$ cat run.csv   # CSV, C-alpha atoms and all ligand atoms
chain,number,residue,atom,x,y,z
M,1,MET,CA,164.4,-130.4,-30.8
M,2,GLU,CA,162.9,-132.7,-28.2
M,3,THR,CA,165.8,-132.6,-25.8
M,4,SER,CA,165.9,-128.8,-25.9
M,5,THR,CA,162.2,-128.7,-25.0
M,6,ALA,CA,162.8,-131.1,-22.1
M,7,ALA,CA,165.7,-128.9,-20.8
M,8,ALA,CA,163.5,-125.8,-20.9
M,9,VAL,CA,160.8,-127.5,-18.9
M,10,LEU,CA,163.4,-128.7,-16.3
M,11,ILE,CA,164.8,-125.2,-15.9
M,12,SER,CA,161.3,-123.7,-15.4
M,13,LEU,CA,160.6,-126.4,-12.7
M,14,VAL,CA,163.8,-125.6,-10.9
M,15,PHE,CA,162.9,-121.9,-10.8
M,16,SER,CA,159.3,-122.5,-9.9
M,17,VAL,CA,159.9,-125.1,-7.1
M,18,GLY,CA,163.5,-124.8,-6.0
M,19,ALA,CA,164.3,-121.1,-6.4
M,20,GLN,CA,161.1,-119.5,-5.2
M,21,ALA,CA,160.7,-116.5,-2.9
M,22,PRO,CA,158.8,-117.3,0.3
M,23,VAL,CA,155.0,-117.8,0.1
M,24,LEU,CA,153.1,-116.9,3.2
M,25,SER,CA,149.7,-117.0,4.7
M,26,MET,CA,148.6,-115.2,7.9
M,27,GLU,CA,146.1,-116.6,10.4
M,28,PRO,CA,144.0,-114.8,11.5
M,29,ARG,CA,144.3,-111.7,9.3
M,30,VAL,CA,142.1,-109.6,11.6
M,31,ALA,CA,141.4,-110.1,15.3
M,32,SER,CA,139.5,-108.2,17.8
M,33,VAL,CA,140.0,-108.9,21.5
M,34,GLN,CA,139.0,-107.5,24.8
M,35,GLN,CA,141.6,-105.8,26.9
M,36,GLY,CA,143.4,-108.5,28.9
M,37,GLU,CA,142.7,-111.3,26.5
M,38,SER,CA,145.6,-113.0,24.8
M,39,ILE,CA,145.9,-113.7,21.0
M,40,SER,CA,148.3,-115.4,18.7
M,41,PHE,CA,149.0,-114.8,15.0
M,42,ARG,CA,150.6,-117.5,12.9
M,43,CYS,CA,152.7,-116.7,9.9
M,44,ARG,CA,152.6,-119.9,7.8
M,45,VAL,CA,155.2,-120.6,5.2
M,46,ALA,CA,153.4,-122.3,2.3
M,47,GLY,CA,156.4,-122.5,-0.1
M,48,GLY,CA,159.6,-121.0,-1.2
M,49,GLN,CA,163.2,-122.0,-1.3
M,50,GLN,CA,164.7,-122.9,2.1
M,51,PRO,CA,166.2,-121.6,4.3
M,52,ILE,CA,163.5,-119.0,5.0
M,53,GLN,CA,164.0,-116.4,7.8
M,54,LEU,CA,161.0,-115.0,9.6
M,55,GLU,CA,160.9,-111.6,11.3
M,56,TRP,CA,157.9,-109.8,13.0
M,57,ARG,CA,157.4,-106.1,13.0
M,58,LYS,CA,154.8,-103.7,14.1
M,59,SER,CA,153.6,-101.1,11.6
M,60,ASN,CA,155.6,-97.9,11.4
M,61,ASN,CA,158.6,-100.0,12.6
M,62,GLN,CA,157.6,-99.5,16.2
M,63,PRO,CA,159.4,-101.9,18.5
M,64,LEU,CA,157.3,-104.8,19.8
M,65,ALA,CA,155.9,-104.3,23.3
M,66,ASP,CA,157.1,-106.3,26.3
M,67,ASN,CA,154.0,-108.5,26.3
M,68,VAL,CA,154.5,-109.6,22.7
M,69,LYS,CA,156.5,-112.8,22.4
M,70,ILE,CA,157.6,-114.8,19.3
M,71,GLY,CA,157.5,-118.6,19.4
M,72,PRO,CA,160.6,-120.9,19.0
M,73,ASP,CA,160.3,-121.4,15.2
M,74,GLY,CA,159.6,-117.7,14.7
M,75,SER,CA,156.2,-118.3,13.0
M,76,VAL,CA,153.9,-117.5,16.0
M,77,LEU,CA,153.5,-114.1,17.6
M,78,THR,CA,151.6,-114.1,20.9
M,79,ILE,CA,150.2,-111.0,22.6
M,80,ALA,CA,149.6,-111.8,26.3
M,81,GLU,CA,146.9,-109.8,28.1
M,82,ALA,CA,146.4,-107.4,25.3
M,83,GLN,CA,146.4,-103.7,26.1
M,84,PRO,CA,145.0,-100.8,24.1
M,85,SER,CA,148.5,-99.9,23.1
M,86,ASN,CA,148.9,-103.3,21.4
M,87,GLN,CA,146.4,-102.3,18.8
M,88,GLY,CA,147.6,-102.0,15.3
M,89,GLN,CA,149.1,-103.8,12.3
M,90,TYR,CA,151.6,-106.6,12.7
M,91,ARG,CA,153.7,-107.8,9.8
M,92,CYS,CA,155.6,-111.0,9.3
M,93,VAL,CA,158.5,-110.6,6.9
M,94,ALA,CA,159.9,-113.8,5.3
M,95,SER,CA,163.1,-113.7,3.3
M,96,ASN,CA,165.3,-116.3,1.5
M,97,PRO,CA,168.1,-115.8,-1.0
M,98,VAL,CA,165.5,-115.4,-3.8
M,99,GLY,CA,163.5,-112.6,-2.3
M,100,ARG,CA,161.1,-111.6,0.5
M,101,ASN,CA,157.4,-111.5,1.2
M,102,THR,CA,155.3,-109.9,3.8
M,103,GLY,CA,152.1,-111.1,5.5
M,104,SER,CA,150.1,-108.8,7.7
M,105,ALA,CA,147.5,-109.0,10.5
M,106,VAL,CA,145.4,-106.3,12.3
M,107,LEU,CA,144.7,-106.4,16.0
M,108,ASN,CA,141.8,-104.5,17.5
M,109,VAL,CA,141.8,-104.2,21.3
M,110,ARG,CA,138.4,-103.3,22.8
M,111,TYR,CA,138.3,-101.7,26.2
M,112,PRO,CA,135.7,-100.0,28.5
M,113,PRO,CA,135.7,-96.2,28.6
M,114,THR,CA,138.0,-94.2,30.7
M,115,VAL,CA,137.0,-90.7,31.7
M,116,LYS,CA,139.0,-87.6,32.6
M,117,LEU,CA,137.4,-84.4,33.9
M,118,THR,CA,139.0,-80.9,33.4
M,119,PRO,CA,139.0,-79.4,36.0
M,120,ALA,CA,138.9,-82.5,38.1
M,121,GLY,CA,137.2,-80.7,41.0
M,122,PRO,CA,135.8,-80.3,43.6
M,123,LEU,CA,135.0,-76.8,42.2
M,124,ARG,CA,134.4,-73.9,44.5
M,125,VAL,CA,132.8,-71.1,42.6
M,126,ARG,CA,130.9,-67.9,43.5
M,127,VAL,CA,127.3,-67.1,42.6
M,128,GLY,CA,127.1,-65.5,39.2
M,129,GLU,CA,130.4,-66.8,37.9
M,130,PRO,CA,130.7,-68.8,34.7
M,131,VAL,CA,131.5,-72.5,35.1
M,132,SER,CA,132.5,-75.2,32.7
M,133,ILE,CA,133.7,-78.7,33.1
M,134,GLU,CA,135.0,-80.9,30.3
M,135,CYS,CA,134.5,-84.6,30.3
M,136,HIS,CA,137.0,-86.4,28.0
M,137,GLY,CA,136.2,-90.0,27.2
M,138,THR,CA,138.4,-92.7,25.6
M,139,GLY,CA,137.5,-96.3,24.9
M,140,ARG,CA,137.0,-98.7,22.0
M,141,PRO,CA,134.5,-98.5,20.5
M,142,ARG,CA,134.4,-94.7,21.1
M,143,PRO,CA,132.1,-94.2,24.1
M,144,THR,CA,129.1,-91.9,24.2
M,145,LEU,CA,129.3,-89.2,26.9
M,146,LYS,CA,126.5,-87.9,29.1
M,147,TRP,CA,126.2,-85.6,32.1
M,148,LYS,CA,123.6,-86.1,34.9
M,149,ARG,CA,123.1,-84.8,38.3
M,150,GLN,CA,123.7,-87.4,40.9
M,151,GLY,CA,120.5,-89.1,41.9
M,152,SER,CA,118.8,-88.1,38.7
M,153,THR,CA,118.2,-90.1,35.6
M,154,LEU,CA,117.7,-87.1,33.3
M,155,ASP,CA,120.5,-86.2,30.9
M,156,LEU,CA,121.5,-82.6,31.2
M,157,VAL,CA,121.7,-80.4,28.2
M,158,THR,CA,125.4,-80.1,27.4
M,159,LYS,CA,127.8,-79.2,24.5
M,160,ALA,CA,129.2,-82.4,23.0
M,161,THR,CA,131.9,-83.1,20.4
M,162,ASP,CA,133.4,-86.5,19.5
M,163,ASP,CA,135.6,-86.9,22.5
M,164,VAL,CA,134.5,-84.2,24.8
M,165,ASN,CA,131.2,-83.3,26.5
M,166,THR,CA,131.1,-80.0,28.3
M,167,ILE,CA,128.7,-79.0,31.0
M,168,GLU,CA,128.6,-75.2,31.5
M,169,TRP,CA,126.8,-72.4,33.2
M,170,ALA,CA,127.1,-68.9,32.0
M,171,VAL,CA,125.9,-67.7,35.4
M,172,VAL,CA,126.0,-70.3,38.2
M,173,ARG,CA,123.3,-70.1,40.8
M,174,LEU,CA,123.2,-71.3,44.4
M,175,GLU,CA,120.8,-74.1,43.5
M,176,ASP,CA,123.3,-75.4,41.0
M,177,SER,CA,125.5,-76.7,43.9
M,178,GLY,CA,125.8,-80.4,43.9
M,179,MET,CA,127.4,-83.6,42.6
M,180,TYR,CA,127.5,-84.1,38.9
M,181,VAL,CA,128.3,-87.3,37.0
M,182,CYS,CA,129.8,-87.8,33.6
M,183,GLN,CA,129.0,-91.2,32.2
M,184,ALA,CA,130.9,-92.8,29.4
M,185,GLN,CA,129.5,-95.9,27.8
M,186,ASN,CA,130.5,-98.4,25.1
M,187,ASN,CA,129.9,-102.1,24.5
M,188,GLU,CA,132.7,-103.0,26.8
M,189,GLY,CA,131.3,-101.1,29.8
M,190,THR,CA,130.2,-97.9,31.5
M,191,THR,CA,132.4,-95.6,33.5
M,192,GLU,CA,131.3,-92.7,35.6
M,193,VAL,CA,133.2,-89.9,37.2
M,194,LYS,CA,131.8,-87.5,39.7
M,195,VAL,CA,132.6,-83.9,40.4
M,196,GLU,CA,131.3,-81.7,43.2
M,197,VAL,CA,130.3,-78.1,42.4
M,198,MET,CA,130.1,-75.9,45.4
M,199,VAL,CA,128.5,-72.5,44.7
M,200,GLN,CA,129.4,-70.1,47.4
M,201,GLY,CA,127.7,-66.8,48.2
M,202,GLY,CA,125.1,-68.1,50.5
M,203,HIS,CA,126.5,-66.1,53.4
M,204,ASP,CA,127.1,-62.8,51.8
M,205,ALA,CA,126.6,-59.6,53.7
M,206,PRO,CA,124.8,-56.9,51.6
M,207,LEU,CA,126.7,-54.1,49.9
M,208,ALA,CA,125.0,-51.0,48.6
M,209,LEU,CA,126.6,-49.0,45.8
M,210,VAL,CA,125.4,-45.8,44.2
M,211,THR,CA,126.3,-44.9,40.7
M,212,VAL,CA,126.9,-41.2,41.6
M,213,GLU,CA,127.4,-39.6,44.9
M,214,GLU,CA,126.4,-36.0,44.1
M,215,ILE,CA,123.6,-34.8,42.0
M,216,THR,CA,122.9,-31.2,41.1
M,217,ALA,CA,119.4,-30.5,39.6
M,218,VAL,CA,117.5,-27.5,38.5
M,219,GLN,CA,114.2,-26.7,40.3
M,220,GLY,CA,111.3,-28.4,38.5
M,221,HIS,CA,113.3,-31.1,37.0
M,222,THR,CA,113.3,-34.9,37.7
M,223,VAL,CA,116.1,-36.5,39.7
M,224,THR,CA,116.9,-40.2,39.4
M,225,MET,CA,119.0,-42.0,42.0
M,226,GLU,CA,120.2,-45.6,41.4
M,227,CYS,CA,121.4,-48.0,44.1
M,228,ARG,CA,122.9,-51.4,43.3
M,229,ALA,CA,122.9,-54.0,46.0
M,230,SER,CA,124.8,-57.2,46.1
M,231,GLY,CA,124.6,-60.0,48.7
M,232,SER,CA,122.9,-63.2,49.3
M,233,PRO,CA,120.1,-63.7,50.0
M,234,THR,CA,119.3,-60.8,47.6
M,235,PRO,CA,119.0,-57.7,49.8
M,236,VAL,CA,115.9,-55.5,50.1
M,237,VAL,CA,116.7,-51.9,49.1
M,238,THR,CA,115.0,-49.0,50.9
M,239,TRP,CA,115.5,-45.3,50.4
M,240,SER,CA,115.2,-42.5,53.0
M,241,LYS,CA,116.3,-38.9,53.4
M,242,LEU,CA,118.6,-37.7,56.2
M,243,ARG,CA,116.5,-36.0,59.0
M,244,ALA,CA,113.5,-35.7,56.8
M,245,PRO,CA,110.8,-37.7,55.1
M,246,LEU,CA,111.2,-38.5,51.4
M,247,PRO,CA,109.6,-35.8,49.2
M,248,TRP,CA,106.0,-36.2,48.5
M,249,LYS,CA,106.6,-36.5,44.7
M,250,HIS,CA,108.8,-39.6,44.9
M,251,ALA,CA,108.7,-43.1,43.5
M,252,VAL,CA,110.8,-46.2,44.1
M,253,SER,CA,111.1,-49.0,41.7
M,254,SER,CA,113.7,-51.8,41.6
M,255,GLY,CA,116.2,-49.9,43.7
M,256,ILE,CA,115.8,-46.6,41.7
M,257,LEU,CA,114.4,-43.5,43.5
M,258,THR,CA,112.9,-40.9,41.3
M,259,LEU,CA,111.9,-37.4,42.5
M,260,THR,CA,109.8,-35.4,40.1
M,261,ASP,CA,109.4,-31.6,40.0
M,262,VAL,CA,112.1,-31.0,42.6
M,263,GLY,CA,112.3,-27.9,44.7
M,264,ARG,CA,115.0,-26.3,46.9
M,265,GLN,CA,113.6,-28.1,49.9
M,266,ASP,CA,114.4,-31.5,48.3
M,267,SER,CA,118.1,-30.8,48.5
M,268,GLY,CA,119.8,-33.0,51.1
M,269,GLN,CA,121.3,-36.4,51.7
M,270,TYR,CA,119.5,-39.5,50.5
M,271,ILE,CA,120.3,-42.9,51.9
M,272,CYS,CA,120.0,-46.2,50.1
M,273,ASN,CA,119.8,-49.1,52.6
M,274,ALA,CA,120.4,-52.7,51.4
M,275,THR,CA,119.3,-55.2,54.0
M,276,ASN,CA,119.3,-59.0,54.2
M,277,THR,CA,119.6,-61.6,56.9
M,278,HIS,CA,123.3,-60.9,57.3
M,279,GLY,CA,123.0,-57.2,58.0
M,280,TYR,CA,122.7,-53.9,56.1
M,281,SER,CA,124.8,-51.5,54.1
M,282,GLU,CA,124.1,-47.8,53.4
M,283,ALA,CA,125.2,-45.6,50.5
M,284,TYR,CA,124.6,-41.9,50.3
M,285,ILE,CA,123.8,-39.4,47.6
M,286,GLN,CA,124.0,-35.6,48.1
M,287,VAL,CA,121.4,-33.8,46.1
M,288,GLU,CA,121.5,-30.0,45.4
M,289,VAL,CA,118.5,-28.5,43.8
M,290,GLU,CA,119.3,-25.2,42.2
M,291,SER,CA,116.7,-22.5,41.7
M,292,PRO,CA,116.6,-19.2,39.8
M,293,PRO,CA,116.4,-16.1,41.9
M,294,TYR,CA,113.2,-14.6,43.3
M,295,ALA,CA,113.7,-11.0,44.1
M,296,THR,CA,111.8,-8.5,46.3
M,297,CYS,CA,112.5,-4.9,47.3
M,298,LEU,CA,112.4,-3.7,50.9
M,299,PRO,CA,110.7,-1.4,51.2
M,300,ASP,CA,108.8,-1.5,47.9
M,301,GLN,CA,107.3,2.0,48.5
M,302,VAL,CA,109.0,4.9,50.3
M,303,ARG,CA,108.1,8.5,50.8
M,304,LEU,CA,110.6,10.9,52.2
M,305,ARG,CA,111.8,14.4,52.4
M,306,ALA,CA,114.5,15.9,50.2
M,307,GLY,CA,117.8,15.9,52.0
M,308,ASN,CA,117.2,12.7,53.8
M,309,PRO,CA,119.0,9.4,53.1
M,310,LEU,CA,117.4,6.7,51.0
M,311,GLN,CA,118.1,3.1,51.5
M,312,LEU,CA,116.6,0.3,49.4
M,313,GLN,CA,117.4,-3.4,49.9
M,314,CYS,CA,117.0,-5.9,47.2
M,315,LEU,CA,116.4,-9.4,48.7
M,316,ALA,CA,116.5,-12.6,46.6
M,317,HIS,CA,116.1,-16.3,47.2
M,318,GLY,CA,117.9,-18.6,44.8
M,319,SER,CA,121.1,-20.6,44.4
M,320,PRO,CA,124.2,-18.6,45.2
M,321,PRO,CA,126.2,-16.8,44.0
M,322,LEU,CA,123.6,-14.0,43.3
M,323,SER,CA,124.4,-10.6,41.8
M,324,PHE,CA,122.3,-7.5,41.9
M,325,GLN,CA,121.8,-4.6,39.5
M,326,TRP,CA,119.9,-1.5,40.3
M,327,SER,CA,118.5,0.8,37.7
M,328,ARG,CA,115.8,3.5,37.4
M,329,ALA,CA,112.8,3.1,35.2
M,330,GLY,CA,113.0,5.3,32.2
M,331,ARG,CA,116.5,6.5,32.9
M,332,GLU,CA,119.8,5.4,31.5
M,333,ALA,CA,121.7,5.7,34.7
M,334,LEU,CA,121.3,6.2,38.4
M,335,ALA,CA,121.7,9.7,39.8
M,336,PRO,CA,125.4,10.7,40.4
M,337,GLY,CA,124.9,10.5,44.2
M,338,ALA,CA,123.5,7.0,44.2
M,339,GLU,CA,125.6,4.1,45.5
M,340,THR,CA,125.0,0.4,45.2
M,341,THR,CA,126.5,-2.5,47.2
M,342,ARG,CA,127.3,-6.1,46.2
M,343,ASP,CA,124.7,-7.4,48.6
M,344,GLY,CA,121.9,-5.6,46.9
M,345,ARG,CA,121.5,-2.2,48.6
M,346,LEU,CA,120.9,1.2,46.9
M,347,LEU,CA,122.0,4.2,48.9
M,348,ILE,CA,121.5,7.9,48.3
M,349,ALA,CA,122.9,10.0,51.1
M,350,GLN,CA,120.7,13.1,50.5
M,351,VAL,CA,117.7,12.6,48.1
M,352,LYS,CA,116.5,15.3,45.8
M,353,VAL,CA,113.0,15.7,44.5
M,354,THR,CA,114.3,14.6,41.1
M,355,ASP,CA,115.2,11.2,42.6
M,356,SER,CA,111.5,10.4,42.7
M,357,GLY,CA,110.6,7.5,40.5
M,358,THR,CA,110.5,3.7,40.1
M,359,TYR,CA,113.7,1.8,40.9
M,360,LYS,CA,114.3,-1.7,39.6
M,361,CYS,CA,116.5,-4.4,41.1
M,362,VAL,CA,117.5,-7.4,38.9
M,363,ALA,CA,118.9,-10.4,40.8
M,364,THR,CA,120.8,-12.9,38.7
M,365,ASN,CA,122.4,-16.3,39.2
M,366,HIS,CA,123.7,-18.9,36.8
M,367,ILE,CA,120.1,-20.3,36.3
M,368,GLY,CA,118.2,-17.1,35.7
M,369,SER,CA,117.2,-13.7,36.9
M,370,SER,CA,114.3,-11.9,38.6
M,371,GLU,CA,113.4,-8.3,39.0
M,372,ALA,CA,111.6,-6.3,41.7
M,373,LEU,CA,110.4,-2.6,41.8
M,374,ALA,CA,110.4,0.0,44.5
M,375,LYS,CA,108.5,3.3,44.2
M,376,VAL,CA,110.3,6.3,45.7
M,377,THR,CA,108.5,9.6,46.3
M,378,VAL,CA,110.6,12.6,47.5
M,379,LYS,CA,108.8,15.7,48.8
M,380,SER,CA,110.5,19.1,48.6
M,381,GLU,CA,111.9,20.7,51.8
M,382,PHE,CA,109.7,23.7,51.0
M,383,ARG,CA,106.6,21.6,51.0
M,384,ILE,CA,107.8,20.0,54.2
M,385,GLY,CA,108.5,23.4,55.5
M,386,MET,CA,105.0,24.5,54.7
M,387,ASP,CA,103.6,21.4,56.4
M,388,CYS,CA,105.6,22.3,59.5
M,389,LEU,CA,104.5,25.8,59.4
M,390,LEU,CA,100.9,24.5,59.2
M,391,CYS,CA,101.6,22.2,62.1
M,392,SER,CA,103.0,24.9,64.2
M,393,LEU,CA,100.1,27.1,63.3
M,394,LEU,CA,97.7,24.3,64.4
M,395,PHE,CA,99.4,24.0,67.8
M,401,LIG,C1,119.0,-49.5,57.4
M,401,LIG,O1,118.4,-50.8,57.8
M,401,LIG,C2,118.8,-51.2,59.0
M,401,LIG,C3,118.2,-52.6,59.2
M,401,LIG,O2,116.9,-52.6,58.8
M,401,LIG,C4,118.5,-50.2,60.1
M,401,LIG,O3,118.9,-50.7,61.3
M,401,LIG,C5,119.1,-48.9,59.8
M,401,LIG,O4,118.8,-47.9,60.7
M,401,LIG,C6,118.7,-48.5,58.4
M,401,LIG,N1,119.4,-47.2,58.1
M,401,LIG,C7,118.7,-46.2,57.7
M,401,LIG,C8,119.5,-44.9,57.4
M,401,LIG,O5,117.5,-46.2,57.5

$ encode --input "run.csv" --output "structure tokens"
Amino acid sequence: METSTAAAVLISLVFSVGAQAPVLSMEPRVASVQQGESISFRCRVAGGQQPIQLEWRKSNNQPLADNVKIGPDGSVLTIAEAQPSNQGQYRCVASNPVGRNTGSAVLNVRYPPTVKLTPAGPLRVRVGEPVSIECHGTGRPRPTLKWKRQGSTLDLVTKATDDVNTIEWAVVRLEDSGMYVCQAQNNEGTTEVKVEVMVQGGHDAPLALVTVEEITAVQGHTVTMECRASGSPTPVVTWSKLRAPLPWKHAVSSGILTLTDVGRQDSGQYICNATNTHGYSEAYIQVEVESPPYATCLPDQVRLRAGNPLQLQCLAHGSPPLSFQWSRAGREALAPGAETTRDGRLLIAQVKVTDSGTYKCVATNHIGSSEALAKVTVKSEFRIGMDCLLCSLLF
């Protein structure tokens, strides 16, 4: 009974002391160094059955970098002049015939920020274009990013996310030209990168552009003419009319010429002139003002003897093409001997007394129509004969 107990104790001692898996401790377990500093980790074997083999690995089984060396007895790992890429977890794996154990250490490498700009610049842009420059910052701890104008201490308003700070202009102006600085800062230091923004357009000749080149308007209406001028400095826009002053009823406001209550005399060519220190540019608009006809008869009263020819001319002002229509007041049709022409004439080769009456001319174009009257009085030959008889009697 006693001997069996003693044997059991002996067996457990052999297992606990002689046949034990490796027992490890790691020093230090966590380290933080500046970039360029050196650091050693020691994997200390506190127990376990000999022989014990030690092996160092980086997490994820990455190979050890060239600046990482292992001491002669395998227990010390030294990182010479640590780089950011050396950051991570290191594991020491100890194995013997009984088993294996792992100790681990974490290395943190602090480094001052590095900055990359996209695009790197210098940037040449044109007035009015959108511009954006991204500043990417890396560093440990993570740096804060700011944009400034060179020579100014004010932080510019920008769009920032964790690693990127973007300076942007929806519409860049001439005065935005200059040197801009992205500053990245953490506990390890401050890094600045400059970029030059050159806004071009300071030497732009003017260019005048009209939205339409021909305008047709109806008499009495309003006509609006728009001229857009580009150039730098911003051109001054003036309006004029070819070989004539601008109509009395006109107004100009921010490059727009407005004519109210237009008449036929307002037809013609209008000129927009954009002028700046580099020159001038002209653009033209042809305006046609259309009017309804205004008709008159020539003559508007006629007295003649039967048998003589009658000729009436209808005259009309108004936009062409004009058409004419003759009729006789109170009658459905003209007398059979009457003849009309396209240019507005009414002809009767030999008038009769019954041709007396009021004649109407209607002039028409695509805008409207107008009518004019002529009064025709035909005396009989007999009456004329009598008159002549009287004349002859008088003389
Ligand atoms: C336009 O302006 C320029 C410069 O002021 C001038 O020389 C030119 O005659 C102008 N053109 C018209 C049509 O007024």

$ closest_atom_pairs --input "run.csv" --of "chain M" --to "ligand LIG 401 (chain M)" --cutoff "8 Å" --atoms "all atoms listed in the file" --output "JSON lines"
{"residue": "M:Thr238", "atom": "CA", "partner": "M:LIG401", "partner_atom": "O5", "distance": 7.6}
{"residue": "M:Trp239", "atom": "CA", "partner": "M:LIG401", "partner_atom": "O5", "distance": 7.4}
{"residue": "M:Ser240", "atom": "CA", "partner": "M:LIG401", "partner_atom": "O5", "distance": 6.3}
{"residue": "M:Lys241", "atom": "CA", "partner": "M:LIG401", "partner_atom": "C8", "distance": 7.9}
{"residue": "M:Leu242", "atom": "CA", "partner": "M:LIG401", "partner_atom": "C8", "distance": 7.4}
{"residue": "M:Ile271", "atom": "CA", "partner": "M:LIG401", "partner_atom": "C8", "distance": 5.9}
{"residue": "M:Cys272", "atom": "CA", "partner": "M:LIG401", "partner_atom": "C8", "distance": 7.4}
{"residue": "M:Asn273", "atom": "CA", "partner": "M:LIG401", "partner_atom": "C1", "distance": 4.9}
{"residue": "M:Ala274", "atom": "CA", "partner": "M:LIG401", "partner_atom": "C1", "distance": 6.9}
{"residue": "M:Thr275", "atom": "CA", "partner": "M:LIG401", "partner_atom": "O1", "distance": 5.9}
{"residue": "M:Gly279", "atom": "CA", "partner": "M:LIG401", "partner_atom": "C3", "distance": 6.8}
{"residue": "M:Tyr280", "atom": "CA", "partner": "M:LIG401", "partner_atom": "C2", "distance": 5.6}
{"residue": "M:Ser281", "atom": "CA", "partner": "M:LIG401", "partner_atom": "C1", "distance": 7.0}
{"residue": "M:Glu282", "atom": "CA", "partner": "M:LIG401", "partner_atom": "N1", "distance": 6.7}

$ residues_near_point --input "run.csv" --point "(137.5, -74.3, 30.4)" --cutoff "8 Å" --atoms "only C-alpha atoms" --output "short mmCIF file (atom, residue, chain, number, x, y, z; two decimals) with C-alpha atoms, in the coordinates of the input"
data_model
loop_
_atom_site.label_atom_id
_atom_site.label_comp_id
_atom_site.auth_asym_id
_atom_site.auth_seq_id
_atom_site.Cartn_x
_atom_site.Cartn_y
_atom_site.Cartn_z
CA THR M 118 139.00 -80.90 33.40
CA PRO M 119 139.00 -79.40 36.00
CA VAL M 131 131.50 -72.50 35.10
CA SER M 132 132.50 -75.20 32.70
CA ILE M 133 133.70 -78.70 33.10
CA GLU M 134 135.00 -80.90 30.30
#

$ residues_around --input "run.csv" --residues "range 18-27 of chain M" --least-positions-apart "5" --cutoff "6 Å" --atoms "all atoms listed in the file" --output "JSON, numbers by chain"
{"M": [41, 42, 43, 44, 45, 46, 47, 48, 49, 98, 99, 100, 103]}

$ atom_distance --input "run.csv" --atom1 "CA of Glu339 in chain M" --atom2 "CA of Asn308 in chain M"
14.6 Å

$ closest_residue --input "run.csv" --among "M:Val172, M:Val212, M:Ala335, M:Val218" --to "Ile367 in chain M" --atoms "all atoms listed in the file"
M:Val218

$ atom_distance --input "run.csv" --atom1 "CA of Val223 in chain M" --atom2 "CA of Leu207 in chain M"
22.9 Å

$ closest_residue --input "run.csv" --among "M:Thr114, M:Gln325, M:Ser75, M:Gln350" --to "Val93 in chain M" --atoms "only C-alpha atoms"
M:Ser75

$ decode --input "run.csv" --residues "range 179-204 of chain M" --atoms "C-alpha atoms" --output "compact mmCIF listing (two decimals), in the first residue's frame"
# COMPACT_ATOMS: atom_id res chain seq x y z
CA MET M 179 1.15 77.99 -53.55
CA TYR M 180 -0.84 75.68 -51.30
CA VAL M 181 0.55 73.56 -48.47
CA CYS M 182 -0.78 70.31 -47.07
CA GLN M 183 0.47 69.76 -43.55
CA ALA M 184 0.43 66.38 -41.83
CA GLN M 185 1.19 66.23 -38.13
CA ASN M 186 1.55 63.55 -35.46
CA ASN M 187 3.64 63.16 -32.26
CA GLU M 188 6.65 62.12 -34.29
CA GLY M 189 6.74 65.21 -36.43
CA THR M 190 5.24 67.46 -39.06
CA THR M 191 5.53 67.08 -42.80
CA GLU M 192 4.50 69.65 -45.37
CA VAL M 193 4.08 69.29 -49.12
CA LYS M 194 3.53 72.24 -51.43
CA VAL M 195 1.68 72.44 -54.69
CA GLU M 196 1.44 75.36 -57.05
CA VAL M 197 -1.91 76.18 -58.64
CA MET M 198 -1.67 78.38 -61.72
CA VAL M 199 -5.02 79.73 -62.87
CA GLN M 200 -4.77 80.84 -66.44
CA GLY M 201 -7.06 83.10 -68.36
CA GLY M 202 -5.52 86.38 -67.39
CA HIS M 203 -4.68 87.11 -71.03
CA ASP M 204 -7.87 86.20 -72.79
